[in-house]
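The structure under discussion appears below in the form of structure tokens.
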There are 2 protein chains.
Amino acid sequence: MAGAFGLKGCQKIRGPQLRNLLEAKDFILLDCDGVIWHGETAVTGAAKAVSSLIRHGKHVVFVTNNCTRPRESYVHKFCRLGFTDVMLEQIFSSSYCSALYLRDVVKVRGQVYVMGCDGLRTELEGAGVPCVEEADEAGATIYDCALAADVKAVLVGHDDKLTFLKLAKASCYLRDPDCLFLATDNDPWHPLSGGRILPGSGSLTAALEVSSGRKATVIGKPSRFMFECISSQFSGAEPAKCLMIGDRLETDMLFGSNCGLDTMLTLTGVSQLEDAHEYRDSELSANRGLVPDYVVDSIADFLPAFEEVDEQSD
Amino acid sequence: MAGAFGLKGCQKIRGPQLRNLLEAKDFILLDCDGVIWHGETAVTGAAKAVSSLIRHGKHVVFVTNNCTRPRESYVHKFCRLGFTDVMLEQIFSSSYCSALYLRDVVKVRGQVYVMGCDGLRTELEGAGVPCVEEADEAGATIYDCALAADVKAVLVGHDDKLTFLKLAKASCYLRDPDCLFLATDNDPWHPLSGGRILPGSGSLTAALEVSSGRKATVIGKPSRFMFECISSQFSGAEPAKCLMIGDRLETDMLFGSNCGLDTMLTLTGVSQLEDAHEYRDSELSANRGLVPDYVVDSIADFLPAFEEVDEQSD
């Protein structure tokens with residue numbers, strides 16, 4: 001149903017319409033933070049909704065720009081927060097996809113300099129991609145520190161141990177035009193409790209883009225590469241059969257739209273309905289991809305829709 | 001003299017032409033790094049050239065985006081490198097001008113959070129602008145660290161002690177729309193020996209712009225504010241009477257052009273003649289301001305020009 005004045009998108013959906021939409025899709029792609037949980041707290045009803053989707057035969061796939069943990073650690077988190085039927089193969093994080101990109105797409109020969117968390121390094125090493133060991137040089141500066149000779153890629157992610165020296169080293173490695181420049185994702189910041197925020201990978205990437213005078217290749221949403229990873233690992237993951245659900249217009253909705261998927265915004269995270277309307281009503285065609293096709297308050301809204309199905313089939 | 005095909009700028013100048021130009025100017029504005037010195041090494045002949053300018057009655061003013069030292073420390077550096085007749089009043093650094101901006105222009109009430117070197121903090125405190133004391137909270141994170149209540153400005157400069165926590169704190173302070181966002185300068189990087197580079201203030205500013213979703217007000221070159229500081233402290237510093245000399249097209253030449261000054265590129269620093277020609281020959285009118293009016297190999301070229309004057313007056 002198009003908007004009142006012919007404006008496509010932002011259709012608030014529930015009940016039978018929601019049920020019909022879900023029935024038409026085989027793959028449900030879900031962002032994590034702001035959709036199924038906030039940090040260490042599950043969104044009310046989210047675990048049940050995910051279980052229902054799986055029980056109704058849907059392939060549920062998690063697509064997260066969070067690059068701080070290896071996938072193994074995600075399985076534990078899912079379980080801890082009540083999502084007990086999620087398996088490793090369903091999890092596509094920007095760190096995992098970065099490892100795939102380095103190993104399978106560019107087939108990097110040499111070491112990778114990681115400006116990111118240990119979890120990112122673990123994911124790379126698990127894929128057989130060697131990373132520069134961060135030397136413990138007390139008091140070293142960029143004037144006198146050691147630089148590895150065979151660095152063929154710099155990968156930036158979220159790095160809560162960022163130092164000036166790391167930024168400077170990464171900038172120096174990028175002087176070599178043969179050294180690739182990758183970013184796990186471009187998320188600018190993440191909300192914390194009490195009105196605080198956490199600078200995201202996009203913030204660190206911007207710093208390095210300025211100091212190196214280069215642009216990073218972004219692996220995570222909204223870039224299409226994560227969908228390529230999914231469709232290479234699940235046969236039948238055709239765009240028309242997929243629904244992308246997320247809480248952030250600039251990453252999740254744009255990702256879905258870039259990949260030709262139907263998109264759904266949940267209002268449990270960063271973006272608000274007004275933000276979506278603003279993009280919808282703007283005259284910039286570049287904003288089209290940021291407008292969700294559908295909107296729900298929460299993925300817990302899936303439960304009543306499913307209950308009706310269950311009642312019908314009883 | 002316009003270029004061969006009517007292209008203005010990049011006039012290589014020496015001898016009598018250079019002498020005539022210098023005679024027409026009362027104020028000679030000089031960038032420091034790449035023009036009169038490289039780090040701790042003076043450019044050959046630069047100290048003599050500066051002395052000659054002063055002896056010939058020119059007001060010589062140093063305009064530097066380097067924000068790491070207070071002005072007192074600059075006087076020592078000038079002296080140490082052979083520029084023995086330079087006084088405090090001739091030095092306009094982006095840290096000094098940031099202090100003036102906070103104290104006299106926006107008249108900040110409250111504390112300033114500084115993401116920069118101790119020298120920047122010293123300059124602010126010298127001007128009576130209070131800065132947030134950086135707490136020594138071992139193991140603190142943005143989740144649990146203390147945040148000051150009365151921060152009314154965040155000032156970013158070069159910070160070789162940058163940490164993720166500092167970036168996160170600055171991002172949190174900037175959530176308050178009444179908190180000003182300033183950058184000492186926007187220099188992207190600085191050359192070091194051995195092909196290494198040092199990320200500049202512009203790199204850290206970019207990180208904070210992304211994490212805060214705001215744009216910084218830049219104090220240093222190419223913004224006009226530093227010229228306003230100079231003209232408020234020297235009567236007679238009319239644009240037509242000033243020549244801006246620097247080594248970087250994107251900062252020094254654009255600064256001169258933004259302020260309506262004649263500009264001169266020295267080839268002892270970052271920018272090369274080919275870079276200037278590229279801007280001159282480009283069709284983008286936005287690039288006009290990056291094209292120097294004049295070019296010299298080094299400010300040591302001033303010496304023969306002056307010698308001729310001295311010979312004439314002997």
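By order of appearance in the structure tokens: chains A, B, ..., then residues from 1 within every chain, and ligands from 1 in the order shown.
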
>> Would you mind listing, as a ChimeraX atom specification, all residues of chain B that have at least one atom within 8 Å of chain A, where only C-alpha atoms are what counts?
In response: /B:142-143,159-165,167-168,171-172,188-189,192,195-200,202-213

> Got a sec: who's within 9 Å of Ser298 of chain B, counting only C-alpha atoms, leaving out chain neighbours fewer than 3 positions off, as a list of chain:residue names?
Replying inline: B:Val35, B:Ile36, B:Val43, B:Thr44, B:Gly45, B:Ala46, B:Leu265, B:Thr266, B:Leu267, B:Thr268, B:Val295, B:Asp301, B:Phe302

>> I need the strand (DSSP E or B) residues of segment 152-199 of chain B per DSSP on the backbone, written as a list in words.
In response: Lys152, Ala153, Val154, Leu155, Val156, Thr163, Leu180, Phe181, Leu182, Ala183, Trp189, His190, Pro191, Ile197, Leu198 and Pro199 of chain B

Tell me which protein, DNA and RNA residues are within 12 Å of Ser51 of chain A, counting only C-alpha atoms, leaving out same-chain ones fewer than 4 positions away, and put them as a PDB file with N, CA and C atoms, in the first residue's frame.
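Output (out16.pdb):
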```
ATOM      1  N   ILE A  36      17.082  -7.203  18.092  1.00  0.00           N
ATOM      2  CA  ILE A  36      16.779  -8.357  18.960  1.00  0.00           C
ATOM      3  C   ILE A  36      17.323  -8.156  20.368  1.00  0.00           C
ATOM      4  N   GLY A  45      10.251 -10.297  23.820  1.00  0.00           N
ATOM      5  CA  GLY A  45       9.549 -11.058  22.784  1.00  0.00           C
ATOM      6  C   GLY A  45      10.407 -11.431  21.588  1.00  0.00           C
ATOM      7  N   ALA A  46      11.642 -10.905  21.530  1.00  0.00           N
ATOM      8  CA  ALA A  46      12.461 -11.135  20.330  1.00  0.00           C
ATOM      9  C   ALA A  46      12.871 -12.606  20.209  1.00  0.00           C
ATOM     10  N   ALA A  47      13.234 -13.221  21.343  1.00  0.00           N
ATOM     11  CA  ALA A  47      13.688 -14.617  21.285  1.00  0.00           C
ATOM     12  C   ALA A  47      12.555 -15.521  20.801  1.00  0.00           C
ATOM     13  N   ARG A  55      10.743 -22.072  13.511  1.00  0.00           N
ATOM     14  CA  ARG A  55       9.774 -23.170  13.552  1.00  0.00           C
ATOM     15  C   ARG A  55       8.886 -23.183  12.312  1.00  0.00           C
ATOM     16  N   HIS A  56       8.639 -21.977  11.779  1.00  0.00           N
ATOM     17  CA  HIS A  56       7.812 -21.911  10.569  1.00  0.00           C
ATOM     18  C   HIS A  56       8.637 -22.094   9.299  1.00  0.00           C
ATOM     19  N   GLY A  57       9.859 -22.612   9.462  1.00  0.00           N
ATOM     20  CA  GLY A  57      10.642 -23.000   8.285  1.00  0.00           C
ATOM     21  C   GLY A  57      11.424 -21.882   7.617  1.00  0.00           C
ATOM     22  N   LYS A  58      11.489 -20.739   8.280  1.00  0.00           N
ATOM     23  CA  LYS A  58      12.254 -19.639   7.670  1.00  0.00           C
ATOM     24  C   LYS A  58      13.744 -19.827   7.947  1.00  0.00           C
ATOM     25  N   HIS A  59      14.548 -19.447   6.960  1.00  0.00           N
ATOM     26  CA  HIS A  59      15.974 -19.310   7.235  1.00  0.00           C
ATOM     27  C   HIS A  59      16.177 -17.962   7.913  1.00  0.00           C
ATOM     28  N   VAL A  60      16.611 -17.985   9.156  1.00  0.00           N
ATOM     29  CA  VAL A  60      16.883 -16.723   9.858  1.00  0.00           C
ATOM     30  C   VAL A  60      18.389 -16.497   9.867  1.00  0.00           C
ATOM     31  N   PHE A  78      23.994 -15.336  21.972  1.00  0.00           N
ATOM     32  CA  PHE A  78      22.624 -15.684  21.584  1.00  0.00           C
ATOM     33  C   PHE A  78      22.005 -16.595  22.639  1.00  0.00           C
ATOM     34  N   GLY A  82      18.771 -16.045  25.532  1.00  0.00           N
ATOM     35  CA  GLY A  82      17.527 -16.768  25.326  1.00  0.00           C
ATOM     36  C   GLY A  82      17.266 -17.188  23.892  1.00  0.00           C
ATOM     37  N   PHE A  83      18.186 -16.885  22.978  1.00  0.00           N
ATOM     38  CA  PHE A  83      18.027 -17.316  21.582  1.00  0.00           C
ATOM     39  C   PHE A  83      18.764 -18.649  21.467  1.00  0.00           C
ATOM     40  N   THR A  84      18.104 -19.720  21.936  1.00  0.00           N
ATOM     41  CA  THR A  84      18.827 -20.972  22.144  1.00  0.00           C
ATOM     42  C   THR A  84      18.962 -21.811  20.878  1.00  0.00           C
ATOM     43  N   ASP A  85      18.251 -21.437  19.805  1.00  0.00           N
ATOM     44  CA  ASP A  85      18.313 -22.276  18.607  1.00  0.00           C
ATOM     45  C   ASP A  85      19.063 -21.604  17.452  1.00  0.00           C
ATOM     46  N   VAL A  86      19.996 -20.684  17.802  1.00  0.00           N
ATOM     47  CA  VAL A  86      20.779 -20.017  16.755  1.00  0.00           C
ATOM     48  C   VAL A  86      22.131 -20.712  16.619  1.00  0.00           C
ATOM     49  N   ILE A 299      10.087  -6.487  16.610  1.00  0.00           N
ATOM     50  CA  ILE A 299       9.876  -7.786  15.964  1.00  0.00           C
ATOM     51  C   ILE A 299       8.996  -8.680  16.839  1.00  0.00           C
ATOM     52  N   ALA A 300       8.727  -8.261  18.067  1.00  0.00           N
ATOM     53  CA  ALA A 300       7.732  -8.987  18.877  1.00  0.00           C
ATOM     54  C   ALA A 300       6.353  -8.930  18.210  1.00  0.00           C
ATOM     55  N   PHE A 302       5.733  -9.888  15.453  1.00  0.00           N
ATOM     56  CA  PHE A 302       5.583 -11.093  14.631  1.00  0.00           C
ATOM     57  C   PHE A 302       4.755 -12.147  15.370  1.00  0.00           C
ATOM     58  N   LEU A 303       4.807 -12.105  16.709  1.00  0.00           N
ATOM     59  CA  LEU A 303       4.185 -13.182  17.484  1.00  0.00           C
ATOM     60  C   LEU A 303       2.682 -13.277  17.270  1.00  0.00           C
ATOM     61  N   PHE A 306       1.929 -14.685  13.913  1.00  0.00           N
ATOM     62  CA  PHE A 306       2.138 -16.128  13.838  1.00  0.00           C
ATOM     63  C   PHE A 306       1.055 -16.895  14.596  1.00  0.00           C
TER      64      PHE A 306
END
```

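Considering only C-alpha atoms, the residue among B:Tyr74, B:Glu228, B:Met253, B:Glu123 positioned nearest to Ala99 of chain B is B:Glu123.
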
> Quick one: distance from atom CA of Cys67 of chain B to atom CA of Cys32 of chain B in Å, one decimal?
Replying inline: 12.0 Å

> Could you name the residues that touch Ser231 of chain B at 12 Å or less, counting only C-alpha atoms, but leaving out those on the same chain fewer than 6 positions away, as a ChimeraX atom specification?
Replying inline: /B:27,29,59,61,90,92,224-225,237-239,241-242,259

>> From a backbone DSSP assignment, name each residue in segment 109-249 of chain B labelled helix (DSSP H, G or I), as a VMD selection string.
In response: chain B and resid 118 to 126 164 to 173 193 to 195 201 to 212 225 to 233 239 to 241 249

Store the residues picked out above in a file with N, CA and C atoms, as a CSV table (one decimal), in the first residue's frame.
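Output file selection17.csv follows:
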```csv
chain,number,residue,atom,x,y,z
B,118,ASP,N,49.5,18.8,25.6
B,118,ASP,CA,49.6,19.7,26.8
B,118,ASP,C,49.9,21.1,26.4
B,119,GLY,N,50.6,21.4,25.4
B,119,GLY,CA,50.9,22.7,25.0
B,119,GLY,C,49.7,23.5,24.6
B,120,LEU,N,48.7,22.9,24.1
B,120,LEU,CA,47.4,23.5,23.7
B,120,LEU,C,46.7,23.9,25.0
B,121,ARG,N,46.7,23.0,26.0
B,121,ARG,CA,46.1,23.2,27.2
B,121,ARG,C,46.7,24.4,28.0
B,122,THR,N,48.1,24.4,27.9
B,122,THR,CA,48.8,25.5,28.5
B,122,THR,C,48.5,26.8,27.9
B,123,GLU,N,48.3,26.9,26.6
B,123,GLU,CA,48.0,28.1,26.0
B,123,GLU,C,46.6,28.6,26.4
B,124,LEU,N,45.7,27.7,26.5
B,124,LEU,CA,44.3,28.1,26.9
B,124,LEU,C,44.3,28.6,28.4
B,125,GLU,N,45.0,27.9,29.2
B,125,GLU,CA,45.0,28.3,30.6
B,125,GLU,C,45.7,29.6,30.8
B,126,GLY,N,46.8,29.8,30.0
B,126,GLY,CA,47.5,31.1,30.0
B,126,GLY,C,46.5,32.3,29.7
B,164,PHE,N,41.1,6.0,22.7
B,164,PHE,CA,39.7,5.8,22.4
B,164,PHE,C,38.8,6.5,23.4
B,165,LEU,N,39.2,6.4,24.7
B,165,LEU,CA,38.4,7.0,25.8
B,165,LEU,C,38.2,8.6,25.6
B,166,LYS,N,39.3,9.2,25.2
B,166,LYS,CA,39.3,10.6,24.9
B,166,LYS,C,38.3,11.0,23.8
B,167,LEU,N,38.4,10.2,22.7
B,167,LEU,CA,37.5,10.4,21.6
B,167,LEU,C,36.0,10.2,22.0
B,168,ALA,N,35.8,9.2,22.8
B,168,ALA,CA,34.5,8.9,23.3
B,168,ALA,C,33.9,10.0,24.2
B,169,LYS,N,34.8,10.5,25.1
B,169,LYS,CA,34.4,11.5,26.0
B,169,LYS,C,34.0,12.8,25.2
B,170,ALA,N,34.9,13.1,24.2
B,170,ALA,CA,34.6,14.3,23.4
B,170,ALA,C,33.3,14.1,22.6
B,171,SER,N,33.0,12.9,22.1
B,171,SER,CA,31.8,12.6,21.4
B,171,SER,C,30.6,12.8,22.3
B,172,CYS,N,30.7,12.4,23.6
B,172,CYS,CA,29.6,12.5,24.5
B,172,CYS,C,29.3,14.0,24.8
B,173,TYR,N,30.4,14.8,25.1
B,173,TYR,CA,30.2,16.2,25.4
B,173,TYR,C,29.5,16.9,24.2
B,193,SER,N,60.6,12.0,8.6
B,193,SER,CA,61.7,11.4,7.8
B,193,SER,C,61.4,10.0,7.5
B,194,GLY,N,62.0,9.5,6.5
B,194,GLY,CA,61.9,8.0,6.1
B,194,GLY,C,60.6,7.6,5.5
B,195,GLY,N,59.9,8.6,5.0
B,195,GLY,CA,58.6,8.3,4.3
B,195,GLY,C,57.5,8.1,5.3
B,201,SER,N,45.7,17.2,13.0
B,201,SER,CA,44.5,17.5,13.7
B,201,SER,C,43.3,17.2,12.8
B,202,GLY,N,43.4,17.4,11.5
B,202,GLY,CA,42.3,17.1,10.6
B,202,GLY,C,41.8,15.7,10.7
B,203,SER,N,42.8,14.8,10.9
B,203,SER,CA,42.4,13.4,11.0
B,203,SER,C,41.5,13.1,12.3
B,204,LEU,N,42.0,13.7,13.4
B,204,LEU,CA,41.2,13.5,14.6
B,204,LEU,C,39.9,14.3,14.6
B,205,THR,N,39.9,15.4,13.9
B,205,THR,CA,38.7,16.2,13.8
B,205,THR,C,37.6,15.4,13.0
B,206,ALA,N,38.1,14.7,11.9
B,206,ALA,CA,37.2,13.9,11.1
B,206,ALA,C,36.6,12.8,11.9
B,207,ALA,N,37.4,12.2,12.8
B,207,ALA,CA,36.8,11.1,13.6
B,207,ALA,C,35.7,11.6,14.5
B,208,LEU,N,35.9,12.8,15.1
B,208,LEU,CA,34.9,13.4,16.0
B,208,LEU,C,33.7,14.0,15.2
B,209,GLU,N,34.0,14.4,14.0
B,209,GLU,CA,32.8,14.9,13.2
B,209,GLU,C,31.9,13.8,12.9
B,210,VAL,N,32.4,12.6,12.6
B,210,VAL,CA,31.6,11.4,12.3
B,210,VAL,C,30.9,10.9,13.6
B,211,SER,N,31.6,10.8,14.7
B,211,SER,CA,31.0,10.3,15.9
B,211,SER,C,30.0,11.2,16.5
B,212,SER,N,30.1,12.5,16.2
B,212,SER,CA,29.2,13.5,16.8
B,212,SER,C,28.1,13.9,15.8
B,225,PHE,N,40.2,33.4,10.5
B,225,PHE,CA,40.3,33.9,11.8
B,225,PHE,C,41.7,34.3,12.3
B,226,MET,N,42.7,33.6,11.9
B,226,MET,CA,44.1,33.9,12.2
B,226,MET,C,44.5,35.3,11.7
B,227,PHE,N,44.0,35.6,10.5
B,227,PHE,CA,44.3,36.9,10.0
B,227,PHE,C,43.6,38.0,10.8
B,228,GLU,N,42.4,37.7,11.2
B,228,GLU,CA,41.7,38.7,12.1
B,228,GLU,C,42.5,38.9,13.4
B,229,CYS,N,43.1,37.9,13.9
B,229,CYS,CA,43.9,38.1,15.1
B,229,CYS,C,45.1,39.0,14.8
B,230,ILE,N,45.7,38.7,13.6
B,230,ILE,CA,46.9,39.6,13.3
B,230,ILE,C,46.5,41.0,13.1
B,231,SER,N,45.4,41.2,12.3
B,231,SER,CA,45.1,42.6,12.0
B,231,SER,C,44.5,43.4,13.2
B,232,SER,N,44.0,42.6,14.2
B,232,SER,CA,43.6,43.3,15.4
B,232,SER,C,44.8,43.7,16.3
B,233,GLN,N,45.9,43.1,16.1
B,233,GLN,CA,47.1,43.4,16.9
B,233,GLN,C,48.1,44.2,16.2
B,239,PRO,N,45.0,43.9,3.9
B,239,PRO,CA,45.4,42.8,3.0
B,239,PRO,C,46.3,43.2,1.9
B,240,ALA,N,46.1,44.3,1.3
B,240,ALA,CA,46.9,44.7,0.2
B,240,ALA,C,48.4,44.9,0.5
B,241,LYS,N,48.7,45.0,1.8
B,241,LYS,CA,50.0,45.3,2.3
B,241,LYS,C,50.7,44.0,2.8
B,249,LEU,N,49.5,24.2,-0.3
B,249,LEU,CA,48.5,24.9,-1.1
B,249,LEU,C,47.1,24.9,-0.4
```

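Between atom CA of Gly157 of chain A and atom CA of Pro177 of chain A lies a distance of 20.5 Å.
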
> Quick one: residues within 8 Å of Leu290 of chain B, only C-alpha atoms counted, chain neighbours fewer than 3 positions away excluded, as a PyMOL selection string?
Replying inline: chain B and resi 249-250+253-254+257+276+279-280+287

Export of prior selection with N, CA, C and O atoms as a compact mmCIF listing (two decimals), in the first residue's frame:
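The new file again-v1.txt reads:
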```txt
# COMPACT_ATOMS: atom_id res chain seq x y z
N LEU B 249 49.50 24.18 -0.34
CA LEU B 249 48.47 24.86 -1.13
C LEU B 249 47.15 24.88 -0.38
O LEU B 249 46.47 25.90 -0.34
N GLU B 250 46.78 23.73 0.22
CA GLU B 250 45.44 23.58 0.80
C GLU B 250 45.26 24.37 2.09
O GLU B 250 44.12 24.58 2.53
N MET B 253 48.10 28.69 0.95
CA MET B 253 47.68 29.48 -0.20
C MET B 253 46.18 29.81 -0.08
O MET B 253 45.77 30.93 -0.34
N LEU B 254 45.41 28.82 0.34
CA LEU B 254 43.97 29.07 0.47
C LEU B 254 43.70 30.09 1.57
O LEU B 254 42.80 30.94 1.43
N SER B 257 44.47 33.49 0.13
CA SER B 257 43.43 33.86 -0.83
C SER B 257 42.11 34.15 -0.12
O SER B 257 41.41 35.11 -0.46
N ALA B 276 50.56 22.72 -7.83
CA ALA B 276 50.03 24.08 -8.05
C ALA B 276 49.52 24.21 -9.48
O ALA B 276 48.45 24.78 -9.73
N TYR B 279 46.12 22.52 -9.93
CA TYR B 279 45.00 23.37 -9.49
C TYR B 279 44.76 24.52 -10.47
O TYR B 279 43.63 24.86 -10.79
N ARG B 280 45.87 25.11 -10.96
CA ARG B 280 45.72 26.25 -11.86
C ARG B 280 45.03 25.83 -13.16
O ARG B 280 44.16 26.53 -13.67
N ASN B 287 39.02 25.67 -7.09
CA ASN B 287 40.46 25.46 -6.97
C ASN B 287 41.27 26.75 -7.14
O ASN B 287 42.48 26.76 -6.88
```

>> Give me, as a PyMOL selection string, all polymer residues having an atom no more than 9 Å from segment 134-137 of chain A, counting only C-alpha atoms and skipping those fewer than 6 positions away in the same chain.
In response: chain A and resi 113-114+145-146+166

Dump all heavy atoms for the selected residues as a tab-separated table (two decimals), in the first residue's frame?
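So result-v1.tsv came out as:
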```
chain	number	residue	atom	x	y	z
A	113	TYR	N	47.33	-5.33	8.91
A	113	TYR	CA	47.41	-4.51	10.11
A	113	TYR	C	45.99	-4.18	10.56
A	113	TYR	O	45.23	-3.57	9.81
A	113	TYR	CB	48.20	-3.22	9.86
A	113	TYR	CG	48.36	-2.43	11.14
A	113	TYR	CD1	49.25	-2.87	12.12
A	113	TYR	CD2	47.60	-1.29	11.40
A	113	TYR	CE1	49.39	-2.19	13.32
A	113	TYR	CE2	47.74	-0.61	12.59
A	113	TYR	CZ	48.63	-1.05	13.55
A	113	TYR	OH	48.75	-0.39	14.74
A	114	VAL	N	45.64	-4.62	11.76
A	114	VAL	CA	44.28	-4.47	12.27
A	114	VAL	C	44.22	-3.31	13.25
A	114	VAL	O	44.94	-3.30	14.26
A	114	VAL	CB	43.80	-5.76	12.96
A	114	VAL	CG1	42.42	-5.55	13.58
A	114	VAL	CG2	43.77	-6.91	11.97
A	145	CYS	N	59.19	3.68	16.16
A	145	CYS	CA	58.64	2.33	16.34
A	145	CYS	C	58.98	1.44	15.14
A	145	CYS	O	59.32	1.93	14.07
A	145	CYS	CB	57.12	2.39	16.51
A	145	CYS	SG	56.27	2.87	15.00
A	146	ALA	N	58.89	0.14	15.35
A	146	ALA	CA	59.09	-0.80	14.25
A	146	ALA	C	57.84	-0.85	13.37
A	146	ALA	O	56.72	-0.76	13.87
A	146	ALA	CB	59.38	-2.19	14.82
A	166	LYS	N	48.72	3.69	17.00
A	166	LYS	CA	48.06	2.76	16.06
A	166	LYS	C	47.59	3.50	14.81
A	166	LYS	O	47.76	3.03	13.70
A	166	LYS	CB	46.85	2.12	16.74
A	166	LYS	CG	47.16	0.93	17.63
A	166	LYS	CD	45.81	0.29	17.99
A	166	LYS	CE	45.90	-0.79	19.01
A	166	LYS	NZ	44.57	-1.32	19.35
```

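Note that atom CA of Met115 of chain A and atom CA of Val270 of chain A are 25.4 Å apart.
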